[in-house]
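Everything below belongs to data-v7.cif, which stores mmCIF, C-alpha atoms (C1' of nucleotides).
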```cif
data_entry
#
loop_
_atom_site.label_atom_id
_atom_site.label_comp_id
_atom_site.auth_asym_id
_atom_site.auth_seq_id
_atom_site.Cartn_x
_atom_site.Cartn_y
_atom_site.Cartn_z
CA MET V 267 82.52 43.48 116.35
CA PRO V 268 83.57 43.15 112.77
CA LEU V 269 85.67 45.78 111.09
CA LEU V 270 83.99 48.17 108.68
CA THR V 271 84.97 49.10 105.16
CA ILE V 272 85.25 52.73 104.20
CA SER V 273 81.90 52.81 102.44
CA GLU V 274 80.16 51.21 105.42
CA VAL V 275 81.56 53.92 107.65
CA ALA V 276 80.64 56.55 105.10
CA LYS V 277 77.06 55.35 104.95
CA GLN V 278 76.74 55.38 108.73
CA VAL V 279 77.79 59.00 109.02
CA GLY V 280 76.38 60.33 105.76
CA LEU V 281 79.67 61.12 104.08
CA LYS V 282 81.27 59.96 100.85
CA PRO V 283 84.23 57.63 101.09
CA SER V 284 86.35 60.27 99.39
CA ALA V 285 85.72 62.64 102.28
CA ILE V 286 86.97 60.06 104.77
CA ARG V 287 90.08 59.45 102.69
CA TYR V 288 90.57 63.19 102.57
CA TYR V 289 90.34 63.47 106.36
CA GLU V 290 93.00 60.82 106.70
CA GLN V 291 95.14 62.64 104.18
CA VAL V 292 94.98 65.96 106.03
CA GLY V 293 95.54 64.35 109.42
CA ILE V 294 92.10 64.64 110.97
CA LEU V 295 91.83 60.89 111.12
CA PRO V 296 94.83 58.70 111.94
CA ARG V 297 95.99 56.33 109.23
CA ALA V 298 93.59 53.37 109.18
CA GLN V 299 94.74 49.79 109.33
CA ARG V 300 94.64 47.90 106.03
CA ALA V 301 93.44 44.48 104.94
CA SER V 302 95.14 43.64 101.67
CA GLY V 303 95.44 47.29 100.91
CA GLN V 304 91.94 48.32 101.94
CA ARG V 305 91.09 50.45 104.95
CA ARG V 306 89.37 48.76 107.88
CA TYR V 307 87.74 50.64 110.75
CA ASP V 308 86.34 49.79 114.15
CA ASN V 309 83.27 51.67 115.20
CA THR V 310 85.06 54.31 117.24
CA VAL V 311 85.75 56.02 113.92
CA VAL V 312 82.08 56.90 113.56
CA TYR V 313 82.27 58.76 116.87
CA ARG V 314 85.28 60.62 115.59
CA LEU V 315 83.41 61.53 112.45
CA ALA V 316 80.31 62.57 114.37
CA LEU V 317 82.56 64.92 116.29
CA VAL V 318 84.00 66.29 113.06
CA GLN V 319 80.55 66.90 111.64
CA ARG V 320 79.26 68.56 114.75
CA ALA V 321 82.28 70.81 114.87
CA GLN V 322 81.68 71.75 111.25
CA GLN V 323 78.10 72.64 112.09
CA MET V 324 79.52 75.02 114.65
CA GLY V 325 81.58 76.74 111.99
CA PHE V 326 84.95 75.20 112.74
CA THR V 327 87.38 74.63 109.90
CA LEU V 328 89.18 71.34 109.45
CA GLU V 329 92.31 73.04 110.70
CA GLU V 330 90.53 74.03 113.89
CA ILE V 331 89.12 70.55 114.24
CA ARG V 332 92.61 69.15 113.98
CA ARG V 333 93.59 71.49 116.79
CA LEU V 334 90.62 70.22 118.79
CA PHE V 335 91.93 66.69 118.38
CA PHE V 336 95.68 67.18 118.52
CA GLY V 337 96.39 70.73 119.63
CA PHE V 338 96.16 70.17 123.38
CA ARG V 339 98.09 68.25 125.98
CA LYS V 340 96.82 64.73 125.96
CA ALA V 341 95.24 64.99 129.40
CA THR V 342 93.14 68.03 128.52
CA PRO V 343 89.48 66.97 128.65
CA ILE V 344 87.46 67.55 125.54
CA SER V 345 85.02 69.74 127.42
CA GLU V 346 87.84 72.15 128.14
CA ARG V 347 88.99 72.02 124.53
CA TRP V 348 85.52 72.94 123.34
CA LYS V 349 85.41 75.88 125.71
CA LYS V 350 88.75 77.19 124.51
CA LEU V 351 87.86 76.95 120.84
CA SER V 352 84.27 78.09 121.28
CA GLU V 353 85.33 81.37 122.75
CA ARG V 354 87.18 82.42 119.61
CA LYS V 355 84.54 81.04 117.31
CA LEU V 356 81.73 82.84 119.08
CA ALA V 357 83.65 86.08 118.69
CA GLU V 358 84.12 85.41 115.00
CA LEU V 359 80.45 84.65 114.55
CA GLU V 360 79.57 87.85 116.35
CA THR V 361 81.71 89.78 113.90
CA LEU V 362 80.13 87.96 111.01
CA ALA V 363 76.65 88.70 112.30
CA GLU V 364 77.51 92.36 112.49
CA GLN V 365 78.76 92.33 108.94
CA ILE V 366 75.52 90.80 107.83
CA LYS V 367 73.61 93.48 109.67
CA ALA V 368 75.69 96.11 107.92
CA MET V 369 74.80 94.58 104.58
CA GLN V 370 71.13 94.47 105.45
CA THR V 371 71.29 98.10 106.44
CA LEU V 372 72.88 99.05 103.14
CA LEU V 373 70.35 97.02 101.19
CA ARG V 374 67.38 98.54 102.97
CA ALA V 375 68.84 102.01 102.61
CA ILE V 376 69.26 101.73 98.88
CA SER V 377 65.82 100.26 98.39
CA GLU V 378 64.24 103.05 100.35
CA LYS V 379 66.30 106.04 99.39
CA CYS V 380 67.54 105.52 95.85
CA ASN V 381 65.51 107.21 93.16
CA CYS V 382 68.20 107.23 90.49
CA GLU V 383 67.36 106.66 86.88
CA ALA V 384 70.76 105.98 85.35
CA LEU V 385 73.56 103.74 86.54
CA ASP V 386 76.19 106.43 86.39
CA GLN V 387 74.02 108.90 88.25
CA CYS V 388 73.68 106.37 91.04
CA GLY V 389 77.38 105.53 90.95
CA ARG V 390 78.32 109.20 91.12
CA GLY V 391 76.25 109.60 94.25
CA ILE V 392 77.90 106.62 95.86
CA PHE V 393 81.36 107.74 94.80
CA ARG V 394 80.86 111.23 96.22
CA SER V 395 79.52 109.99 99.52
CA SER V 396 82.01 107.24 100.11
CA CYS V 397 85.02 107.67 97.89
CA GLY V 398 87.75 105.18 98.48
CA ASP V 399 86.01 103.12 101.11
CA ALA V 400 87.06 99.59 101.70
CA LYS V 401 85.75 96.82 99.55
CA ALA V 402 83.87 94.01 101.17
CA ALA V 403 86.10 90.99 101.20
CA PRO V 404 84.27 87.80 100.35
CA LEU V 405 83.11 86.44 103.65
CA ARG V 406 83.71 82.82 104.40
CA LEU V 407 82.42 81.27 107.53
CA ASP V 408 85.39 78.96 107.72
CA GLN V 409 87.97 81.76 107.58
CA PRO V 410 86.09 84.67 109.05
CA ALA V 411 87.10 88.02 110.38
CA ARG V 412 90.46 88.25 108.74
CA LYS V 413 90.69 90.65 105.89
CA LEU V 414 87.32 92.25 106.43
CA LYS V 415 87.11 95.98 106.38
CA GLN V 416 84.00 97.77 107.47
CA PRO V 417 81.62 99.20 104.93
CA ASN V 418 80.90 102.80 105.82
CA SER V 419 77.28 103.51 106.21
CA THR V 420 76.58 106.56 104.04
CA LEU V 421 73.76 105.42 101.77
CA MET S 93 89.11 116.09 81.07
CA PRO S 94 92.10 113.95 80.30
CA LEU S 95 91.79 110.19 80.01
CA LEU S 96 93.02 108.07 82.86
CA THR S 97 95.34 105.08 82.79
CA ILE S 98 94.33 101.89 84.53
CA SER S 99 96.51 102.51 87.54
CA GLU S 100 95.14 106.02 87.97
CA VAL S 101 91.63 104.63 88.00
CA ALA S 102 92.71 101.87 90.35
CA LYS S 103 94.18 104.35 92.78
CA GLN S 104 91.02 106.47 92.76
CA VAL S 105 88.78 103.57 93.73
CA GLY S 106 91.22 101.61 95.87
CA LEU S 107 91.54 98.58 93.62
CA LYS S 108 94.50 96.93 91.94
CA PRO S 109 94.81 97.29 88.19
CA SER S 110 94.50 93.52 87.88
CA ALA S 111 91.03 93.67 89.38
CA ILE S 112 89.92 96.21 86.79
CA ARG S 113 91.30 94.05 83.98
CA TYR S 114 89.48 91.12 85.50
CA TYR S 115 86.19 93.04 85.55
CA GLU S 116 86.63 93.80 81.89
CA GLN S 117 87.40 90.18 81.20
CA VAL S 118 84.26 88.90 82.91
CA GLY S 119 82.05 91.53 81.33
CA ILE S 120 81.34 93.77 84.29
CA LEU S 121 83.10 96.64 82.57
CA PRO S 122 82.83 97.18 78.82
CA ARG S 123 86.03 96.88 76.83
CA ALA S 124 88.02 100.06 77.36
CA GLN S 125 89.41 102.11 74.50
CA ARG S 126 93.14 101.76 73.90
CA ALA S 127 95.98 104.16 73.23
CA SER S 128 98.80 102.21 71.62
CA GLY S 129 97.59 99.08 73.32
CA GLN S 130 96.97 100.60 76.75
CA ARG S 131 93.56 101.09 78.32
CA ARG S 132 92.26 104.64 78.65
CA TYR S 133 89.28 105.61 80.75
CA ASP S 134 87.10 108.64 81.22
CA ASN S 135 85.97 109.35 84.73
CA THR S 136 82.56 107.70 84.42
CA VAL S 137 84.39 104.43 84.99
CA VAL S 138 85.07 105.39 88.59
CA TYR S 139 81.31 105.73 89.12
CA ARG S 140 80.84 102.31 87.64
CA LEU S 141 83.45 100.90 89.95
CA ALA S 142 82.00 102.68 92.97
CA LEU S 143 78.73 100.95 92.12
CA VAL S 144 80.50 97.59 91.87
CA GLN S 145 82.14 98.07 95.23
CA ARG S 146 78.98 99.18 96.95
CA ALA S 147 77.13 96.22 95.54
CA GLN S 148 79.86 93.94 96.85
CA GLN S 149 79.50 95.49 100.28
CA MET S 150 75.87 94.48 100.11
CA GLY S 151 76.84 90.89 99.46
CA PHE S 152 76.22 90.73 95.73
CA THR S 153 78.38 88.47 93.60
CA LEU S 154 79.98 89.67 90.39
CA GLU S 155 77.40 87.63 88.51
CA GLU S 156 74.61 89.47 90.29
CA ILE S 157 76.31 92.78 89.64
CA ARG S 158 76.46 91.95 85.96
CA ARG S 159 72.73 91.31 86.12
CA LEU S 160 72.29 94.67 87.82
CA PHE S 161 74.09 96.32 84.91
CA PHE S 162 72.90 94.24 81.95
CA GLY S 163 70.08 91.98 83.11
CA PHE S 164 67.21 94.47 82.72
CA ARG S 165 65.53 96.25 79.86
CA LYS S 166 67.55 99.32 79.09
CA ALA S 167 64.84 101.70 80.30
CA THR S 168 64.58 100.11 83.74
CA PRO S 169 65.77 102.68 86.29
CA ILE S 170 68.57 101.62 88.58
CA SER S 171 66.43 102.24 91.63
CA GLU S 172 64.04 99.57 90.42
CA ARG S 173 66.90 97.21 89.68
CA TRP S 174 68.21 97.62 93.20
CA LYS S 175 64.81 96.85 94.64
CA LYS S 176 64.47 93.71 92.59
CA LEU S 177 67.89 92.37 93.52
CA SER S 178 67.74 93.53 97.12
CA GLU S 179 64.67 91.49 97.83
CA ARG S 180 66.41 88.20 97.07
CA LYS S 181 69.60 89.24 98.78
CA LEU S 182 67.84 90.27 101.96
CA ALA S 183 66.18 86.89 102.07
CA GLU S 184 69.53 85.17 101.62
CA LEU S 185 71.08 87.24 104.38
CA GLU S 186 68.20 86.39 106.66
CA THR S 187 68.86 82.70 106.06
CA LEU S 188 72.52 83.22 106.68
CA ALA S 189 71.84 85.09 109.92
CA GLU S 190 69.71 82.20 111.11
CA GLN S 191 72.45 79.75 110.33
CA ILE S 192 74.85 81.82 112.35
CA LYS S 193 72.41 81.83 115.23
CA ALA S 194 72.15 78.06 114.99
CA MET S 195 75.92 77.81 115.23
CA GLN S 196 76.03 80.13 118.20
CA THR S 197 73.40 78.02 119.90
CA LEU S 198 75.39 74.85 119.33
CA LEU S 199 78.57 76.49 120.57
CA ARG S 200 76.98 77.80 123.73
CA ALA S 201 75.29 74.45 124.35
CA ILE S 202 78.52 72.49 124.17
CA SER S 203 80.39 74.96 126.34
CA GLU S 204 77.71 74.79 128.99
CA LYS S 205 76.65 71.18 128.90
CA CYS S 206 79.62 69.11 127.88
CA ASN S 207 81.54 67.49 130.69
CA CYS S 208 83.19 64.80 128.63
CA GLU S 209 86.72 63.72 129.36
CA ALA S 210 87.62 61.75 126.26
CA LEU S 211 87.09 62.58 122.61
CA ASP S 212 85.34 59.34 121.80
CA GLN S 213 83.05 59.62 124.78
CA CYS S 214 81.95 63.00 123.52
CA GLY S 215 81.65 61.76 119.96
CA ARG S 216 79.54 58.81 121.07
CA GLY S 217 77.12 61.17 122.76
CA ILE S 218 76.85 63.29 119.67
CA PHE S 219 76.46 60.29 117.43
CA ARG S 220 73.70 58.81 119.57
CA SER S 221 71.76 62.03 119.77
CA SER S 222 72.10 63.07 116.19
CA CYS S 223 73.14 60.16 114.06
CA GLY S 224 73.20 60.93 110.38
CA ASP S 225 72.32 64.57 110.59
CA ALA S 226 73.25 66.86 107.79
CA LYS S 227 76.70 68.31 107.57
CA ALA S 228 77.09 72.04 107.53
CA ALA S 229 78.07 73.12 104.08
CA PRO S 230 80.73 75.79 104.06
CA LEU S 231 78.88 79.04 104.07
CA ARG S 232 79.87 81.70 101.63
CA LEU S 233 78.26 85.06 101.73
CA ASP S 234 78.53 85.39 97.99
CA GLN S 235 76.63 82.19 97.21
CA PRO S 236 74.51 81.70 100.29
CA ALA S 237 71.56 79.54 101.08
CA ARG S 238 72.07 76.90 98.46
CA LYS S 239 73.13 73.53 99.72
CA LEU S 240 72.67 74.28 103.38
CA LYS S 241 70.93 71.74 105.50
CA GLN S 242 69.84 72.53 109.00
CA PRO S 243 71.89 71.40 111.95
CA ASN S 244 69.61 69.68 114.41
CA SER S 245 69.74 71.15 117.81
CA THR S 246 70.23 68.23 120.18
CA LEU S 247 73.13 69.08 122.45
"C1'" DG P 138 120.71 102.63 71.52
"C1'" DT P 139 119.41 101.37 75.63
"C1'" DA P 140 117.58 101.41 80.17
"C1'" DC P 141 113.37 102.29 82.70
"C1'" DG P 142 108.77 102.15 84.04
"C1'" DA P 143 104.19 101.30 83.02
"C1'" DC P 144 101.55 98.86 80.42
"C1'" DT P 145 99.86 94.37 77.68
"C1'" DT P 146 98.36 89.25 77.32
"C1'" DA P 147 97.48 84.38 78.57
"C1'" DA P 148 98.00 81.17 81.84
"C1'" DA P 149 98.67 79.53 86.26
"C1'" DG P 150 98.21 80.08 91.31
"C1'" DT P 151 95.46 81.08 95.67
"C1'" DT P 152 91.84 79.61 99.35
"C1'" DG P 153 89.10 75.27 101.77
"C1'" DG P 154 86.89 71.19 101.45
"C1'" DC P 155 86.21 68.24 99.19
"C1'" DT P 156 84.97 65.31 94.33
"C1'" DT P 157 86.28 63.35 90.15
"C1'" DT P 158 89.25 60.98 87.17
"C1'" DA P 159 92.59 57.70 85.63
"C1'" DA P 160 94.91 53.74 86.18
"C1'" DG P 161 95.30 49.84 88.67
"C1'" DG P 162 94.70 45.88 92.67
"C1'" DC P 163 92.34 42.14 94.84
"C1'" DA P 164 88.74 38.71 96.11
"C1'" DA P 165 84.63 36.23 95.09
"C1'" DG P 166 81.60 33.99 91.88
"C1'" DC P 167 81.03 31.72 87.49
"C1'" DG E 289 90.57 32.56 84.00
"C1'" DC E 290 87.35 36.08 83.48
"C1'" DT E 291 83.99 39.31 85.05
"C1'" DT E 292 82.15 42.11 88.69
"C1'" DG E 293 82.43 45.21 92.24
"C1'" DC E 294 84.69 47.46 95.65
"C1'" DC E 295 88.77 49.15 96.86
"C1'" DT E 296 93.53 51.78 96.14
"C1'" DT E 297 96.57 55.97 94.79
"C1'" DA E 298 98.04 60.43 92.87
"C1'" DA E 299 96.67 64.09 90.49
"C1'" DA E 300 93.54 67.16 88.70
"C1'" DG E 301 89.16 69.70 88.97
"C1'" DC E 302 85.61 72.71 91.23
"C1'" DC E 303 83.91 77.32 93.12
"C1'" DA E 304 84.62 82.91 93.24
"C1'" DA E 305 87.28 86.69 92.86
"C1'" DC E 306 90.92 87.89 92.06
"C1'" DT E 307 96.56 87.95 92.05
"C1'" DT E 308 100.79 86.51 90.30
"C1'" DT E 309 103.89 85.28 86.81
"C1'" DA E 310 106.11 85.18 82.42
"C1'" DA E 311 107.04 87.08 78.33
"C1'" DG E 312 106.52 90.85 75.58
"C1'" DT E 313 105.26 96.08 73.93
"C1'" DC E 314 105.57 101.03 74.16
"C1'" DG E 315 107.16 105.75 75.00
"C1'" DT E 316 110.45 108.61 77.21
"C1'" DA E 317 114.89 109.91 79.17
"C1'" DC E 318 119.63 109.56 78.99
#
```

Please re-express this file's structure in structure tokens.
Amino acid sequence: MPLLTISEVAKQVGLKPSAIRYYEQVGILPRAQRASGQRRYDNTVVYRLALVQRAQQMGFTLEEIRRLFFGFRKATPISERWKKLSERKLAELETLAEQIKAMQTLLRAISEKCNCEALDQCGRGIFRSSCGDAKAAPLRLDQPARKLKQPNSTL
Amino acid sequence: MPLLTISEVAKQVGLKPSAIRYYEQVGILPRAQRASGQRRYDNTVVYRLALVQRAQQMGFTLEEIRRLFFGFRKATPISERWKKLSERKLAELETLAEQIKAMQTLLRAISEKCNCEALDQCGRGIFRSSCGDAKAAPLRLDQPARKLKQPNSTL
DNA sequence: GTACGACTTAAAGTTGGCTTTAAGGCAAGC
DNA sequence: GCTTGCCTTAAAGCCAACTTTAAGTCGTAC
């Protein structure tokens, strides 16, 4: 089997070469061998990258993916690694889903119940009913459930 | 009613002064009057800010909030503005919720079905079953449903 | 007059996951 | 030996929503 260039690998997995270089840079991929300066890969790298992509589809960050690859004793089977990481991620996604539900509830409530004419009238009502409540931190799926505070549900 | 300084306003609504300056800078708040260079506010600004915060809790971006404030004919009542913007946002949240469900499905599937020992063995299985599938774009609640492609559900 | 505290501005930094840019290297074909 | 095309690197840029920093202004208290 001939060795692959970076763009051949990239094409196979649907990534840009720059992404693969980036993964090497941040330690998700080991340093590739070089042929007169250029990276050469055998085809096991595409399996690695398929794993990376699947893990991303599951909501894992690159940091978590690095832990999947390198954060366990060498003998730990991958199936066990998945189970360990999935547990936390499922909990995070549950939290995220609840936050989305809270937003949906707020949106439906304001559509149904608000009859305000003026902005400040509406704002006064909100301020009175929920003065000083937490702001919604921008939710990111890759860093979820950290600085989130719950919206309170009055209107 | 005396005028408020920026930090008094900030304290009332639970924001940092820098956030309020930022809102002025990006046009969410009108330019405040100054007293020897310093911003002075009347208390209607806290209603404005309550509105901003509530809208953020609902998942609106600052850009969308600016549209809520300035993107309609002046006579359009706020209740109608909410309805207009809520429609799109609810649809986005629905999409987002589905993406989360897809992730949960993938996570549960790998926890239940994967018995792989080695990383590459696992990656080969994923690659074979779903070669070239789309990568999950990082999901942000504030700009959802844009470049997302669906994860395919094999394994 | 000077120290203090609260304010001002513009500009840079933060986060993650990359992409883009700039400047250059190396091999093959003509 | 020159062009073409693909590769290399380090550094900067992108996105949103701010925060932080640096350098300076202002009024009040001592």

Which residues of chain P have any atom within 10 Å of an atom in chain S when counting all atoms listed in the file, and what is the closest pair of atoms for each, with the distance in Å to one decimal? Order the rows by chain and rising number and write it as CSV.
```
residue,atom,partner,partner_atom,distance
P:DA143,C1',S:Ser99,CA,9.0
P:DC144,C1',S:Gln130,CA,6.1
P:DT145,C1',S:Gly129,CA,6.8
P:DG153,C1',S:Pro230,CA,8.7
P:DG154,C1',S:Pro230,CA,8.1
```

Prev. selection, C-alpha atoms (C1' of nucleotides), output as a tab-separated table (two decimals), in the frame of the given file:
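The resulting result-v2.tsv:
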```
chain	number	residue	atom	x	y	z
P	143	DA	C1'	104.19	101.30	83.02
P	144	DC	C1'	101.55	98.86	80.42
P	145	DT	C1'	99.86	94.37	77.68
P	153	DG	C1'	89.10	75.27	101.77
P	154	DG	C1'	86.89	71.19	101.45
```

*If we count all atoms listed in the file, which residues of chain S reach to within 6 Å of chain V? Please list them as JSON, numbers by chain.*
{"S": [105, 106, 139, 140, 142, 143, 145, 148, 149, 150, 169, 170, 171, 175, 178, 195, 199, 203, 206, 207, 208, 209, 210, 211, 212, 215, 216, 219, 224, 227, 228, 231, 232, 233]}

Only residues of chain E matter here; which ones have an atom within 10 Å of chain V, counting only C-alpha atoms (C1' of nucleotides)? Give them as a PDB file with C-alpha atoms (C1' of nucleotides), in the coordinates of the input.
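Writing done, so here's selection-v4.pdb:
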```pdb
ATOM      1  C1'  DC E 294      84.690  47.460  95.650  1.00  0.00           C
ATOM      2  C1'  DC E 295      88.770  49.150  96.860  1.00  0.00           C
ATOM      3  C1'  DT E 296      93.530  51.780  96.140  1.00  0.00           C
ATOM      4  C1'  DA E 304      84.620  82.910  93.240  1.00  0.00           C
ATOM      5  C1'  DA E 305      87.280  86.690  92.860  1.00  0.00           C
TER       6       DA E 305
END
```

*What residues have an atom no more than 12 Å from (89.0, 70.2, 96.9) in the file's own frame, counting only C-alpha atoms (C1' of nucleotides), and can you write them as JSON, numbers by chain?*
{"V": [284, 285, 288, 289, 292], "P": [152, 153, 154, 155, 156, 157], "E": [299, 300, 301, 302, 303]}

Could you write out chain V as a CSV table (one decimal) with C-alpha atoms, in the frame of the given file once it has been least-squares superposed on chain S using every ordered C-alpha pair?
```
chain,number,residue,atom,x,y,z
V,267,MET,CA,89.1,116.0,81.0
V,268,PRO,CA,92.1,113.9,80.2
V,269,LEU,CA,91.8,110.2,79.9
V,270,LEU,CA,93.0,108.0,82.8
V,271,THR,CA,95.3,105.1,82.8
V,272,ILE,CA,94.3,101.9,84.5
V,273,SER,CA,96.5,102.5,87.5
V,274,GLU,CA,95.1,106.1,87.9
V,275,VAL,CA,91.6,104.6,88.0
V,276,ALA,CA,92.7,101.9,90.3
V,277,LYS,CA,94.2,104.4,92.8
V,278,GLN,CA,91.0,106.5,92.7
V,279,VAL,CA,88.8,103.6,93.7
V,280,GLY,CA,91.2,101.7,95.9
V,281,LEU,CA,91.5,98.6,93.6
V,282,LYS,CA,94.5,97.0,92.0
V,283,PRO,CA,94.8,97.3,88.2
V,284,SER,CA,94.5,93.5,87.9
V,285,ALA,CA,91.0,93.7,89.5
V,286,ILE,CA,89.9,96.2,86.8
V,287,ARG,CA,91.3,94.0,84.1
V,288,TYR,CA,89.5,91.1,85.6
V,289,TYR,CA,86.2,93.0,85.6
V,290,GLU,CA,86.6,93.8,82.0
V,291,GLN,CA,87.4,90.1,81.3
V,292,VAL,CA,84.3,88.9,83.0
V,293,GLY,CA,82.0,91.5,81.4
V,294,ILE,CA,81.3,93.8,84.4
V,295,LEU,CA,83.1,96.6,82.6
V,296,PRO,CA,82.8,97.1,78.9
V,297,ARG,CA,86.0,96.8,76.9
V,298,ALA,CA,88.0,100.0,77.4
V,299,GLN,CA,89.4,102.0,74.5
V,300,ARG,CA,93.1,101.7,73.9
V,301,ALA,CA,95.9,104.1,73.2
V,302,SER,CA,98.7,102.1,71.6
V,303,GLY,CA,97.6,99.0,73.3
V,304,GLN,CA,96.9,100.5,76.7
V,305,ARG,CA,93.5,101.0,78.3
V,306,ARG,CA,92.2,104.6,78.6
V,307,TYR,CA,89.2,105.6,80.8
V,308,ASP,CA,87.1,108.6,81.2
V,309,ASN,CA,85.9,109.3,84.7
V,310,THR,CA,82.5,107.7,84.4
V,311,VAL,CA,84.4,104.4,85.0
V,312,VAL,CA,85.0,105.4,88.6
V,313,TYR,CA,81.3,105.7,89.1
V,314,ARG,CA,80.8,102.3,87.7
V,315,LEU,CA,83.4,100.9,90.0
V,316,ALA,CA,82.0,102.7,93.0
V,317,LEU,CA,78.7,101.0,92.2
V,318,VAL,CA,80.5,97.6,91.9
V,319,GLN,CA,82.1,98.1,95.3
V,320,ARG,CA,79.0,99.2,97.0
V,321,ALA,CA,77.1,96.2,95.6
V,322,GLN,CA,79.9,94.0,96.9
V,323,GLN,CA,79.5,95.5,100.3
V,324,MET,CA,75.9,94.5,100.2
V,325,GLY,CA,76.9,90.9,99.5
V,326,PHE,CA,76.2,90.8,95.8
V,327,THR,CA,78.4,88.5,93.7
V,328,LEU,CA,80.0,89.7,90.5
V,329,GLU,CA,77.4,87.6,88.6
V,330,GLU,CA,74.6,89.5,90.4
V,331,ILE,CA,76.3,92.8,89.7
V,332,ARG,CA,76.5,91.9,86.0
V,333,ARG,CA,72.7,91.3,86.2
V,334,LEU,CA,72.3,94.7,87.9
V,335,PHE,CA,74.1,96.3,85.0
V,336,PHE,CA,72.9,94.2,82.0
V,337,GLY,CA,70.1,92.0,83.2
V,338,PHE,CA,67.3,94.4,82.8
V,339,ARG,CA,65.6,96.2,79.9
V,340,LYS,CA,67.6,99.3,79.1
V,341,ALA,CA,64.9,101.6,80.3
V,342,THR,CA,64.6,100.1,83.8
V,343,PRO,CA,65.8,102.7,86.3
V,344,ILE,CA,68.6,101.6,88.6
V,345,SER,CA,66.4,102.2,91.6
V,346,GLU,CA,64.0,99.6,90.5
V,347,ARG,CA,66.9,97.2,89.7
V,348,TRP,CA,68.2,97.6,93.2
V,349,LYS,CA,64.8,96.9,94.7
V,350,LYS,CA,64.5,93.7,92.6
V,351,LEU,CA,67.9,92.4,93.6
V,352,SER,CA,67.7,93.5,97.2
V,353,GLU,CA,64.7,91.5,97.9
V,354,ARG,CA,66.4,88.2,97.1
V,355,LYS,CA,69.6,89.3,98.8
V,356,LEU,CA,67.9,90.3,102.0
V,357,ALA,CA,66.2,86.9,102.1
V,358,GLU,CA,69.5,85.2,101.7
V,359,LEU,CA,71.1,87.3,104.4
V,360,GLU,CA,68.2,86.4,106.7
V,361,THR,CA,68.9,82.7,106.1
V,362,LEU,CA,72.6,83.2,106.7
V,363,ALA,CA,71.8,85.1,109.9
V,364,GLU,CA,69.7,82.2,111.1
V,365,GLN,CA,72.5,79.8,110.3
V,366,ILE,CA,74.9,81.8,112.4
V,367,LYS,CA,72.4,81.8,115.2
V,368,ALA,CA,72.2,78.1,115.0
V,369,MET,CA,75.9,77.8,115.2
V,370,GLN,CA,76.0,80.1,118.2
V,371,THR,CA,73.4,78.0,119.9
V,372,LEU,CA,75.4,74.9,119.3
V,373,LEU,CA,78.6,76.5,120.6
V,374,ARG,CA,77.0,77.8,123.7
V,375,ALA,CA,75.3,74.5,124.4
V,376,ILE,CA,78.5,72.5,124.2
V,377,SER,CA,80.4,75.0,126.4
V,378,GLU,CA,77.7,74.8,129.0
V,379,LYS,CA,76.6,71.2,128.9
V,380,CYS,CA,79.6,69.1,127.9
V,381,ASN,CA,81.5,67.5,130.7
V,382,CYS,CA,83.2,64.8,128.7
V,383,GLU,CA,86.7,63.7,129.4
V,384,ALA,CA,87.6,61.7,126.3
V,385,LEU,CA,87.0,62.6,122.6
V,386,ASP,CA,85.3,59.3,121.8
V,387,GLN,CA,83.0,59.6,124.8
V,388,CYS,CA,81.9,63.0,123.5
V,389,GLY,CA,81.6,61.8,119.9
V,390,ARG,CA,79.5,58.8,121.0
V,391,GLY,CA,77.1,61.2,122.7
V,392,ILE,CA,76.8,63.3,119.7
V,393,PHE,CA,76.4,60.3,117.4
V,394,ARG,CA,73.6,58.8,119.5
V,395,SER,CA,71.7,62.1,119.7
V,396,SER,CA,72.0,63.1,116.1
V,397,CYS,CA,73.1,60.2,114.0
V,398,GLY,CA,73.2,60.9,110.3
V,399,ASP,CA,72.3,64.6,110.5
V,400,ALA,CA,73.3,66.9,107.7
V,401,LYS,CA,76.8,68.3,107.6
V,402,ALA,CA,77.2,72.0,107.5
V,403,ALA,CA,78.1,73.1,104.1
V,404,PRO,CA,80.8,75.8,104.0
V,405,LEU,CA,78.9,79.0,104.0
V,406,ARG,CA,79.9,81.7,101.6
V,407,LEU,CA,78.3,85.0,101.6
V,408,ASP,CA,78.6,85.3,97.8
V,409,GLN,CA,76.8,82.0,97.1
V,410,PRO,CA,74.5,81.6,100.1
V,411,ALA,CA,71.6,79.5,100.9
V,412,ARG,CA,72.1,76.8,98.3
V,413,LYS,CA,73.3,73.6,99.6
V,414,LEU,CA,72.8,74.4,103.3
V,415,LYS,CA,71.1,71.8,105.4
V,416,GLN,CA,70.0,72.6,108.9
V,417,PRO,CA,71.9,71.5,111.9
V,418,ASN,CA,69.6,69.8,114.3
V,419,SER,CA,69.7,71.2,117.7
V,420,THR,CA,70.2,68.3,120.1
V,421,LEU,CA,73.3,69.3,122.0
```

*Record the distance separating CA of Ile120 in chain S and CA of Glu156 in chain S, expressed in Å with one decimal.*
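Between CA of Ile120 in chain S and CA of Glu156 in chain S the gap is 10.0 Å.
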
Once 3 Å is added on each side, what centre and edge lengths in Å to one decimal does the axis-aligned box around all listed atoms of range 290-300 of chain E have, as AutoDock Vina command-line options?
```
--center_x 90.1 --center_y 51.6 --center_z 90.2 --size_x 21.9 --size_y 37.1 --size_z 19.4
```

*Any idea what the distance is between C1' of DT291 in chain E and C1' of DA160 in chain P?*
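It comes out at 18.1 Å.
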
Please provide the set of residues having any atom within 12 Å of DT316 in chain E, restricted to all atoms listed in the file, with same-chain residues fewer than 5 positions apart removed, written as a CSV table (one decimal) with C-alpha atoms (C1' of nucleotides), in the coordinates of the input.
```
chain,number,residue,atom,x,y,z
P,139,DT,C1',119.4,101.4,75.6
P,140,DA,C1',117.6,101.4,80.2
P,141,DC,C1',113.4,102.3,82.7
P,142,DG,C1',108.8,102.2,84.0
P,143,DA,C1',104.2,101.3,83.0
```
